[in-house]
Amino acid sequence: MTAFGQVAVAVARRNLLVTFKNPALILPAAIFPLVFLLAFAGGLSNLANVPGFSFPSGYTSFQFVFVFLQSAAFGGVFTGFAVAADYESGFARRLMLAAPNRTGLIMGYVLAGVGRFAFTASIVTIAGLAAGMQVDGGVVELGGLLVLAVLVNVVATLFGVGLCMRTQSMQSVPFLQIPVFLILFLAPVYVPLDLLDGWIKAVAPYNPATAFLETGRGFISGEPDHVLVAFAAAGAMVALLGFYALRGLRKAEAGG
Amino acid sequence: MSTSVATQVGFIARRSVRRTFRQPAVLVPTIAFPLFLLAVNASGLDSATNLPGFPGDSYLDFAIVVTFMQGALFAATTAGTELATDIESGFLDRLQLTPLRAVAILVGQLAGAVTVALGGAAVYLAVGLIAGVTIVTGVGGALVLLGLATLIGVAFGSIGAFFAARTGSSQAVQGLFPLLFVTFFLSSINLPRELIEIDWFRTVAGANPVSYLVEGMRSLVITGWDAAALLRGFGVAVAVSIVGFAAAASSLRTRMART
């Protein structure tokens, strides 16, 4: 294995071990999307009775896609927390000294983020199915939803890594989680795009999260829509934030 | 409270307030995030007002109190993070070499978070009024609303302090944010309880103290002077504060005894 691969695997392995051995770290990441699913699919199901609301697979499936993508994004955010914690504890500096290929550090955190998401995605999916979620998409469509979610997870991780390598402090955590939250909620979360009202109706069509949501909902209902736009947006964000993370690493190196 | 304890609280409180107000990373999200979410939800959920039985025809009026709850949530994470950082950095260990009592440390540490909660509540209210929120109970109701919002900030701040004293980890305290956030969603925060369709959810919302905090504040904005709703709101806020403080004080004493 190359030095890059060795570093990536070692960082991912350590990060996942630390996470899964500490209930205070893994439980919020798991419970957060789960309760969102329960809260939205359960508490707001009456919104399906709003005149003009139409989604063939039902409100639980409608909300499942949002929560699934949200758990992907927050898998990345929580990985960002870990980067900040590594710097605050001094571990990251030792890691920088020891790693023969420092770019592998970023890949390691990305792999750890995907690992966290795999855990929460499993829980959310089981909960969705237990709640009677209707899945009308086939294997290919569901595979598309999964790949899209992994891309969202990578985007959030790269943002978190880039930010926390610059700030090297847990104090920056709000600046990590709030933008992710806002982007997710500036999309048609509760009702379809057509039923949005006011200023958000003008903003949502330009939000990449809207494309992710609509495509994901199309996948689960077996009627894929805006697929190319969603994957192109996700790919572009991976490239852009990959560069941001890499620059963050270089700044951290320069800062000693 | 004896003078010496009051003085001790004063020292820690002054440090806590100064430290909190020197951190834009704490202040900016506390103010901006709830307002942004209000703007998003007031627009995104406005179609809910078309549901038969929805109180009023403006989701903005219905949702303004959510900002106060979110301000309280930030008070919890702020108080928790500050205390956890002091534990991680060894500051708490150094404090143990002084005559400071655990209760003084705890109350003092919460001062910064509660000050932010009060300031935040005033800003949310002002912005809400500018955006067109109507408070049917008038100026008196607005003042009671600020008082209840601050008390809720104290209650949630004590939960944050408990979590910090228990875990001693600022990273773990950050995990408290989503946990508290979801308890908000398992309440009547987004829809009135009578409009919640799913039976189990309506039951959970009825058992969730957050519903009574929200409904107490919401009554001042939408319904008028509703003594029962206010009594439940203030009662829950006081009860959570007492339980939170007792749990935090116990955990802090245990931690200080260990070190």
# chains A, B, ... in the order shown; residues from 1 in each chain; ligands from 1
$ interface_residues --of "chain A" --to "chain B" --cutoff "9 Å" --atoms "only C-alpha atoms" --output "PyMOL selection string"
chain A and resi 24-29+31-33+35-36+38-40+42-47+49-51+78+81-82+84-85+170-175+178+182+185-191+195-201
$ write_last_selection --atoms "N, CA and C atoms" --output "compact mmCIF listing (two decimals), in the first residue's frame"
# COMPACT_ATOMS: atom_id res chain seq x y z
N ALA A 24 -20.95 9.05 23.85
CA ALA A 24 -21.30 10.48 23.80
C ALA A 24 -21.04 11.05 22.40
N LEU A 25 -20.20 10.37 21.61
CA LEU A 25 -19.92 10.87 20.26
C LEU A 25 -20.84 10.23 19.23
N ILE A 26 -21.06 8.94 19.36
CA ILE A 26 -21.80 8.24 18.31
C ILE A 26 -23.31 8.35 18.50
N LEU A 27 -23.77 8.41 19.74
CA LEU A 27 -25.22 8.41 19.95
C LEU A 27 -25.92 9.64 19.34
N PRO A 28 -25.38 10.85 19.57
CA PRO A 28 -26.07 12.00 18.94
C PRO A 28 -26.14 11.86 17.42
N ALA A 29 -25.04 11.39 16.82
CA ALA A 29 -25.02 11.25 15.36
C ALA A 29 -26.06 10.25 14.89
N ILE A 31 -28.90 9.29 16.82
CA ILE A 31 -30.25 9.63 17.28
C ILE A 31 -30.83 10.84 16.54
N PHE A 32 -29.93 11.77 16.22
CA PHE A 32 -30.33 13.02 15.58
C PHE A 32 -31.20 12.79 14.33
N PRO A 33 -30.70 12.08 13.30
CA PRO A 33 -31.55 11.88 12.12
C PRO A 33 -32.76 11.00 12.39
N VAL A 35 -34.61 10.84 15.12
CA VAL A 35 -35.71 11.61 15.72
C VAL A 35 -36.28 12.61 14.71
N PHE A 36 -35.41 13.11 13.84
CA PHE A 36 -35.92 13.98 12.78
C PHE A 36 -36.92 13.23 11.91
N LEU A 38 -38.74 10.68 12.79
CA LEU A 38 -39.96 10.49 13.57
C LEU A 38 -40.74 11.80 13.68
N ALA A 39 -39.99 12.88 13.92
CA ALA A 39 -40.65 14.17 14.14
C ALA A 39 -41.32 14.69 12.87
N PHE A 40 -40.61 14.59 11.76
CA PHE A 40 -41.17 15.14 10.51
C PHE A 40 -42.23 14.22 9.92
N GLY A 42 -43.83 11.88 11.40
CA GLY A 42 -44.94 11.71 12.33
C GLY A 42 -45.66 13.01 12.61
N GLY A 43 -44.91 14.01 13.05
CA GLY A 43 -45.53 15.25 13.52
C GLY A 43 -46.11 16.11 12.44
N LEU A 44 -45.56 16.01 11.24
CA LEU A 44 -46.02 16.91 10.18
C LEU A 44 -46.81 16.18 9.09
N SER A 45 -47.19 14.94 9.35
CA SER A 45 -47.83 14.15 8.30
C SER A 45 -49.13 14.79 7.81
N ASN A 46 -49.73 15.63 8.65
CA ASN A 46 -50.96 16.32 8.26
C ASN A 46 -50.73 17.25 7.06
N LEU A 47 -49.44 17.61 6.84
CA LEU A 47 -49.15 18.50 5.70
C LEU A 47 -49.50 17.83 4.37
N ASN A 49 -52.14 16.69 3.71
CA ASN A 49 -53.53 17.07 3.43
C ASN A 49 -53.67 18.52 2.95
N VAL A 50 -52.54 19.22 2.86
CA VAL A 50 -52.60 20.59 2.35
C VAL A 50 -53.00 20.52 0.87
N PRO A 51 -53.96 21.34 0.45
CA PRO A 51 -54.38 21.30 -0.96
C PRO A 51 -53.19 21.46 -1.91
N PHE A 78 -19.90 15.87 11.84
CA PHE A 78 -19.34 15.28 13.05
C PHE A 78 -17.87 14.88 12.85
N PHE A 81 -15.96 17.87 13.60
CA PHE A 81 -15.77 18.04 15.05
C PHE A 81 -14.51 17.28 15.49
N ALA A 82 -14.35 16.07 14.93
CA ALA A 82 -13.23 15.22 15.33
C ALA A 82 -11.89 15.86 14.96
N ALA A 84 -11.30 19.09 14.73
CA ALA A 84 -11.08 20.18 15.70
C ALA A 84 -10.61 19.60 17.04
N ALA A 85 -11.24 18.52 17.45
CA ALA A 85 -10.86 17.90 18.73
C ALA A 85 -9.42 17.38 18.68
N MET A 170 -12.52 23.89 18.70
CA MET A 170 -13.92 23.49 18.82
C MET A 170 -14.85 24.71 18.81
N GLN A 171 -14.28 25.89 19.08
CA GLN A 171 -15.10 27.10 19.09
C GLN A 171 -15.67 27.39 17.70
N SER A 172 -15.06 26.81 16.67
CA SER A 172 -15.54 27.07 15.31
C SER A 172 -16.66 26.13 14.89
N VAL A 173 -17.02 25.23 15.78
CA VAL A 173 -18.03 24.23 15.43
C VAL A 173 -19.35 24.84 14.93
N PRO A 174 -19.86 25.92 15.58
CA PRO A 174 -21.09 26.50 15.04
C PRO A 174 -20.96 26.94 13.58
N PHE A 175 -19.77 27.41 13.20
CA PHE A 175 -19.58 27.84 11.82
C PHE A 175 -19.54 26.65 10.86
N ILE A 178 -23.85 25.17 11.32
CA ILE A 178 -24.95 26.06 10.94
C ILE A 178 -25.08 26.23 9.42
N LEU A 182 -28.42 25.34 7.37
CA LEU A 182 -29.15 26.34 6.59
C LEU A 182 -29.33 25.90 5.15
N PHE A 185 -32.04 23.38 5.00
CA PHE A 185 -33.40 23.88 5.25
C PHE A 185 -33.84 24.95 4.25
N LEU A 186 -32.92 25.40 3.39
CA LEU A 186 -33.33 26.32 2.32
C LEU A 186 -33.80 25.55 1.09
N ALA A 187 -34.23 24.36 1.34
CA ALA A 187 -34.73 23.48 0.28
C ALA A 187 -36.18 23.13 0.62
N PRO A 188 -36.89 22.49 -0.30
CA PRO A 188 -38.28 22.11 0.03
C PRO A 188 -38.33 20.93 1.00
N VAL A 189 -38.17 21.23 2.27
CA VAL A 189 -38.06 20.19 3.30
C VAL A 189 -39.43 19.60 3.64
N TYR A 190 -40.41 20.46 3.88
CA TYR A 190 -41.70 20.00 4.42
C TYR A 190 -42.75 19.73 3.35
N VAL A 191 -42.69 20.52 2.29
CA VAL A 191 -43.68 20.37 1.21
C VAL A 191 -42.92 20.47 -0.12
N LEU A 195 -45.30 24.13 -3.51
CA LEU A 195 -46.14 24.62 -2.40
C LEU A 195 -45.40 25.59 -1.48
N LEU A 196 -44.14 25.83 -1.77
CA LEU A 196 -43.41 26.81 -0.95
C LEU A 196 -44.00 28.18 -1.20
N ASP A 197 -43.86 29.04 -0.18
CA ASP A 197 -44.42 30.37 -0.30
C ASP A 197 -43.36 31.38 0.13
N GLY A 198 -43.52 32.62 -0.30
CA GLY A 198 -42.63 33.69 0.16
C GLY A 198 -41.24 33.60 -0.45
N TRP A 199 -40.27 34.18 0.27
CA TRP A 199 -38.92 34.35 -0.28
C TRP A 199 -38.21 33.02 -0.52
N ILE A 200 -38.54 32.02 0.26
CA ILE A 200 -37.83 30.73 0.11
C ILE A 200 -38.15 30.11 -1.25
N LYS A 201 -39.31 30.43 -1.77
CA LYS A 201 -39.70 29.90 -3.08
C LYS A 201 -38.76 30.45 -4.16
$ select_by_dssp --residues "segment 14-241 of chain A" --states "helix (DSSP H, G or I)" --output "ChimeraX atom specification"
/A:14-21,23-43,45-49,59-89,91-98,103-130,139-167,170-185,193-195,199-206,208-220,227-241
$ residues_around --residues "segment 11-16 of chain A" --least-positions-apart "3" --cutoff "12 Å" --atoms "only C-alpha atoms" --output "ChimeraX atom specification"
/A:4-8,19-22,25-26,75,78-83,85-86,91-92,95-96,98-99,101-119
$ residues_around --residues "segment 150-166 of chain A" --least-positions-apart "6" --cutoff "6 Å" --atoms "only C-alpha atoms" --output "ChimeraX atom specification"
/A:72-73,76-77,80,84,110,238,241-242,244-245,248,252
$ atom_distance --atom1 "atom CA of Leu27 of chain B" --atom2 "atom CA of Met69 of chain B"
15.8 Å
$ atom_distance --atom1 "atom CA of Asp61 of chain B" --atom2 "atom CA of Leu143 of chain B"
16.6 Å
$ residues_around --residues "segment 109-117 of chain B" --least-positions-apart "2" --cutoff "9 Å" --atoms "only C-alpha atoms" --output "JSON, numbers by chain"
{"B": [9, 12, 13, 14, 15, 16, 17, 18, 19, 20, 21, 27, 30, 31, 68, 71, 72, 73, 74, 75, 76, 77, 78, 79, 80, 82, 83, 104, 105, 106, 107, 119, 120, 121, 122, 149, 150, 151, 152, 153, 154, 157, 158, 161]}
$ closest_residue --among "A:Ala233, A:Val9, A:Gly222, A:Phe181" --to "Tyr206 of chain A" --atoms "only C-alpha atoms"
A:Ala233
$ atom_distance --atom1 "atom CA of Phe68 of chain A" --atom2 "atom CA of Ala236 of chain A"
20.8 Å
$ closest_atom_pairs --of "segment 53-98 of chain B" --to "segment 209-220 of chain B" --cutoff "8 Å" --atoms "only C-alpha atoms" --output "Markdown table"
| residue | atom | partner | partner_atom | distance |
| --- | --- | --- | --- | --- |
| B:Phe62 | CA | B:Arg218 | CA | 6.9 |
| B:Val65 | CA | B:Arg218 | CA | 6.2 |
| B:Val66 | CA | B:Val214 | CA | 7.3 |
| B:Met69 | CA | B:Val214 | CA | 7.5 |
$ write_last_selection --atoms "C-alpha atoms" --output "short mmCIF file (atom, residue, chain, number, x, y, z; two decimals), in the first residue's frame"
data_model
loop_
_atom_site.label_atom_id
_atom_site.label_comp_id
_atom_site.auth_asym_id
_atom_site.auth_seq_id
_atom_site.Cartn_x
_atom_site.Cartn_y
_atom_site.Cartn_z
CA PHE B 62 -47.10 30.88 15.29
CA VAL B 65 -41.55 31.56 19.91
CA VAL B 66 -39.39 28.87 18.28
CA MET B 69 -36.41 27.99 22.32
#
$ residues_around --residues "segment 94-103 of chain B" --least-positions-apart "5" --cutoff "12 Å" --atoms "only C-alpha atoms" --output "PDB file with N, CA and C atoms, in the first residue's frame"
ATOM      1  N   MET B   1     -28.092  33.274  50.549  1.00  0.00           N
ATOM      2  CA  MET B   1     -26.729  33.187  50.020  1.00  0.00           C
ATOM      3  C   MET B   1     -25.813  34.117  50.824  1.00  0.00           C
ATOM      4  N   SER B   2     -24.697  33.636  51.304  1.00  0.00           N
ATOM      5  CA  SER B   2     -23.798  34.488  52.072  1.00  0.00           C
ATOM      6  C   SER B   2     -23.053  35.425  51.135  1.00  0.00           C
ATOM      7  N   SER B   4     -19.937  35.986  50.902  1.00  0.00           N
ATOM      8  CA  SER B   4     -18.745  35.407  50.277  1.00  0.00           C
ATOM      9  C   SER B   4     -19.097  34.579  49.057  1.00  0.00           C
ATOM     10  N   VAL B   5     -20.189  33.823  49.150  1.00  0.00           N
ATOM     11  CA  VAL B   5     -20.588  33.029  47.981  1.00  0.00           C
ATOM     12  C   VAL B   5     -21.032  33.955  46.852  1.00  0.00           C
ATOM     13  N   ALA B   6     -21.773  35.035  47.238  1.00  0.00           N
ATOM     14  CA  ALA B   6     -22.216  35.999  46.222  1.00  0.00           C
ATOM     15  C   ALA B   6     -21.011  36.629  45.524  1.00  0.00           C
ATOM     16  N   THR B   7     -19.982  36.937  46.294  1.00  0.00           N
ATOM     17  CA  THR B   7     -18.770  37.511  45.708  1.00  0.00           C
ATOM     18  C   THR B   7     -18.103  36.516  44.779  1.00  0.00           C
ATOM     19  N   GLN B   8     -18.064  35.254  45.229  1.00  0.00           N
ATOM     20  CA  GLN B   8     -17.467  34.207  44.396  1.00  0.00           C
ATOM     21  C   GLN B   8     -18.220  34.078  43.072  1.00  0.00           C
ATOM     22  N   VAL B   9     -19.565  34.063  43.188  1.00  0.00           N
ATOM     23  CA  VAL B   9     -20.381  33.966  41.973  1.00  0.00           C
ATOM     24  C   VAL B   9     -20.078  35.156  41.061  1.00  0.00           C
ATOM     25  N   GLY B  10     -19.944  36.332  41.672  1.00  0.00           N
ATOM     26  CA  GLY B  10     -19.673  37.549  40.903  1.00  0.00           C
ATOM     27  C   GLY B  10     -18.386  37.441  40.095  1.00  0.00           C
ATOM     28  N   PHE B  11     -17.328  36.913  40.730  1.00  0.00           N
ATOM     29  CA  PHE B  11     -16.041  36.754  40.025  1.00  0.00           C
ATOM     30  C   PHE B  11     -16.197  35.845  38.798  1.00  0.00           C
ATOM     31  N   ILE B  12     -16.786  34.692  39.042  1.00  0.00           N
ATOM     32  CA  ILE B  12     -16.914  33.712  37.955  1.00  0.00           C
ATOM     33  C   ILE B  12     -17.868  34.222  36.881  1.00  0.00           C
ATOM     34  N   ALA B  13     -18.963  34.888  37.331  1.00  0.00           N
ATOM     35  CA  ALA B  13     -19.951  35.397  36.375  1.00  0.00           C
ATOM     36  C   ALA B  13     -19.333  36.458  35.466  1.00  0.00           C
ATOM     37  N   LEU B  83     -17.867  25.410  30.423  1.00  0.00           N
ATOM     38  CA  LEU B  83     -17.472  24.615  31.591  1.00  0.00           C
ATOM     39  C   LEU B  83     -16.558  23.452  31.172  1.00  0.00           C
ATOM     40  N   ASP B  86     -13.098  24.609  30.503  1.00  0.00           N
ATOM     41  CA  ASP B  86     -12.376  24.853  31.760  1.00  0.00           C
ATOM     42  C   ASP B  86     -11.891  23.543  32.382  1.00  0.00           C
ATOM     43  N   ILE B  87     -12.695  22.496  32.207  1.00  0.00           N
ATOM     44  CA  ILE B  87     -12.276  21.192  32.741  1.00  0.00           C
ATOM     45  C   ILE B  87     -11.106  20.648  31.919  1.00  0.00           C
ATOM     46  N   GLU B  88     -11.232  20.718  30.582  1.00  0.00           N
ATOM     47  CA  GLU B  88     -10.191  20.180  29.697  1.00  0.00           C
ATOM     48  C   GLU B  88      -8.871  20.937  29.846  1.00  0.00           C
ATOM     49  N   SER B  89      -8.972  22.264  30.029  1.00  0.00           N
ATOM     50  CA  SER B  89      -7.741  23.064  30.087  1.00  0.00           C
ATOM     51  C   SER B  89      -7.086  23.009  31.468  1.00  0.00           C
ATOM     52  N   GLY B 108     -21.944  30.944  38.445  1.00  0.00           N
ATOM     53  CA  GLY B 108     -21.139  31.941  37.730  1.00  0.00           C
ATOM     54  C   GLY B 108     -20.936  31.561  36.277  1.00  0.00           C
ATOM     55  N   GLN B 109     -20.659  30.275  36.046  1.00  0.00           N
ATOM     56  CA  GLN B 109     -20.415  29.816  34.675  1.00  0.00           C
ATOM     57  C   GLN B 109     -21.643  30.019  33.790  1.00  0.00           C
ATOM     58  N   LEU B 110     -22.827  29.951  34.397  1.00  0.00           N
ATOM     59  CA  LEU B 110     -24.060  30.085  33.610  1.00  0.00           C
ATOM     60  C   LEU B 110     -24.362  31.538  33.237  1.00  0.00           C
ATOM     61  N   SER B 158     -28.575  25.027  32.510  1.00  0.00           N
ATOM     62  CA  SER B 158     -28.228  24.086  33.588  1.00  0.00           C
ATOM     63  C   SER B 158     -28.068  22.660  33.032  1.00  0.00           C
ATOM     64  N   ALA B 161     -24.649  22.599  31.525  1.00  0.00           N
ATOM     65  CA  ALA B 161     -23.636  22.536  32.589  1.00  0.00           C
ATOM     66  C   ALA B 161     -23.554  21.115  33.159  1.00  0.00           C
ATOM     67  N   ALA B 165     -20.214  18.865  33.158  1.00  0.00           N
ATOM     68  CA  ALA B 165     -19.643  18.363  34.413  1.00  0.00           C
ATOM     69  C   ALA B 165     -19.568  16.838  34.395  1.00  0.00           C
ATOM     70  N   PHE B 245     -29.864  22.094  37.752  1.00  0.00           N
ATOM     71  CA  PHE B 245     -28.864  22.608  38.695  1.00  0.00           C
ATOM     72  C   PHE B 245     -28.435  21.522  39.684  1.00  0.00           C
ATOM     73  N   ALA B 246     -29.419  20.781  40.193  1.00  0.00           N
ATOM     74  CA  ALA B 246     -29.095  19.736  41.172  1.00  0.00           C
ATOM     75  C   ALA B 246     -28.183  18.679  40.540  1.00  0.00           C
ATOM     76  N   ALA B 247     -28.520  18.276  39.311  1.00  0.00           N
ATOM     77  CA  ALA B 247     -27.714  17.251  38.626  1.00  0.00           C
ATOM     78  C   ALA B 247     -26.315  17.785  38.312  1.00  0.00           C
ATOM     79  N   ALA B 248     -26.253  19.037  37.850  1.00  0.00           N
ATOM     80  CA  ALA B 248     -24.952  19.633  37.507  1.00  0.00           C
ATOM     81  C   ALA B 248     -24.097  19.804  38.756  1.00  0.00           C
ATOM     82  N   ALA B 249     -24.712  20.257  39.853  1.00  0.00           N
ATOM     83  CA  ALA B 249     -23.952  20.456  41.094  1.00  0.00           C
ATOM     84  C   ALA B 249     -23.418  19.118  41.611  1.00  0.00           C
ATOM     85  N   SER B 250     -24.239  18.103  41.528  1.00  0.00           N
ATOM     86  CA  SER B 250     -23.816  16.784  41.992  1.00  0.00           C
ATOM     87  C   SER B 250     -22.638  16.271  41.151  1.00  0.00           C
ATOM     88  N   SER B 251     -22.749  16.393  39.826  1.00  0.00           N
ATOM     89  CA  SER B 251     -21.676  15.916  38.935  1.00  0.00           C
ATOM     90  C   SER B 251     -20.391  16.715  39.151  1.00  0.00           C
ATOM     91  N   LEU B 252     -20.550  18.018  39.349  1.00  0.00           N
ATOM     92  CA  LEU B 252     -19.373  18.868  39.545  1.00  0.00           C
ATOM     93  C   LEU B 252     -18.674  18.521  40.862  1.00  0.00           C
ATOM     94  N   ARG B 253     -19.478  18.282  41.906  1.00  0.00           N
ATOM     95  CA  ARG B 253     -18.881  17.901  43.196  1.00  0.00           C
ATOM     96  C   ARG B 253     -18.122  16.582  43.064  1.00  0.00           C
ATOM     97  N   THR B 254     -18.709  15.630  42.327  1.00  0.00           N
ATOM     98  CA  THR B 254     -18.056  14.335  42.123  1.00  0.00           C
ATOM     99  C   THR B 254     -16.735  14.523  41.373  1.00  0.00           C
ATOM    100  N   ARG B 255     -16.796  15.348  40.315  1.00  0.00           N
ATOM    101  CA  ARG B 255     -15.581  15.582  39.526  1.00  0.00           C
ATOM    102  C   ARG B 255     -14.502  16.268  40.370  1.00  0.00           C
ATOM    103  N   MET B 256     -14.921  17.241  41.186  1.00  0.00           N
ATOM    104  CA  MET B 256     -13.945  17.969  42.002  1.00  0.00           C
ATOM    105  C   MET B 256     -13.368  17.057  43.090  1.00  0.00           C
ATOM    106  N   ALA B 257     -14.187  16.139  43.590  1.00  0.00           N
ATOM    107  CA  ALA B 257     -13.694  15.212  44.608  1.00  0.00           C
ATOM    108  C   ALA B 257     -12.667  14.263  44.007  1.00  0.00           C
ATOM    109  N   ARG B 258     -12.896  13.873  42.705  1.00  0.00           N
ATOM    110  CA  ARG B 258     -11.968  12.956  42.037  1.00  0.00           C
ATOM    111  C   ARG B 258     -10.612  13.592  41.855  1.00  0.00           C
ATOM    112  N   THR B 259     -10.607  14.906  41.508  1.00  0.00           N
ATOM    113  CA  THR B 259      -9.349  15.600  41.261  1.00  0.00           C
ATOM    114  C   THR B 259      -8.849  16.201  42.561  1.00  0.00           C
TER     115      THR B 259
END
$ residues_around --residues "Ala211 of chain A" --least-positions-apart "5" --cutoff "7 Å" --atoms "only C-alpha atoms" --output "number ranges by chain"
A: 226, 229-230
$ write_last_selection --atoms "N, CA and C atoms" --output "PDB file, in the first residue's frame"
ATOM      1  N   HIS A 226     -34.291  15.256 -12.475  1.00  0.00           N
ATOM      2  CA  HIS A 226     -33.135  16.150 -12.287  1.00  0.00           C
ATOM      3  C   HIS A 226     -31.867  15.391 -11.887  1.00  0.00           C
ATOM      4  N   VAL A 229     -28.497  17.059 -13.031  1.00  0.00           N
ATOM      5  CA  VAL A 229     -28.231  18.313 -12.300  1.00  0.00           C
ATOM      6  C   VAL A 229     -27.715  17.993 -10.898  1.00  0.00           C
ATOM      7  N   ALA A 230     -28.353  17.042 -10.226  1.00  0.00           N
ATOM      8  CA  ALA A 230     -27.966  16.711  -8.850  1.00  0.00           C
ATOM      9  C   ALA A 230     -26.545  16.150  -8.796  1.00  0.00           C
TER      10      ALA A 230
END
$ decode --residues "segment 212-230 of chain A" --atoms "C-alpha atoms" --output "short mmCIF file (atom, residue, chain, number, x, y, z; two decimals), in the first residue's frame"
data_model
loop_
_atom_site.label_atom_id
_atom_site.label_comp_id
_atom_site.auth_asym_id
_atom_site.auth_seq_id
_atom_site.Cartn_x
_atom_site.Cartn_y
_atom_site.Cartn_z
CA PHE A 212 -30.40 16.53 -4.15
CA LEU A 213 -33.80 16.31 -2.43
CA GLU A 214 -35.91 16.26 -5.57
CA THR A 215 -33.66 13.69 -7.21
CA GLY A 216 -33.60 11.56 -4.06
CA ARG A 217 -37.40 11.71 -3.78
CA GLY A 218 -37.63 10.79 -7.46
CA PHE A 219 -35.39 7.78 -6.82
CA ILE A 220 -37.49 6.48 -3.92
CA SER A 221 -40.77 6.96 -5.78
CA GLY A 222 -39.37 5.28 -8.90
CA GLU A 223 -39.65 8.45 -10.97
CA PRO A 224 -36.09 9.90 -11.13
CA ASP A 225 -35.95 13.59 -11.88
CA HIS A 226 -33.14 16.15 -12.29
CA VAL A 227 -30.58 13.34 -11.93
CA LEU A 228 -27.89 14.96 -14.06
CA VAL A 229 -28.23 18.31 -12.30
CA ALA A 230 -27.97 16.71 -8.85
#
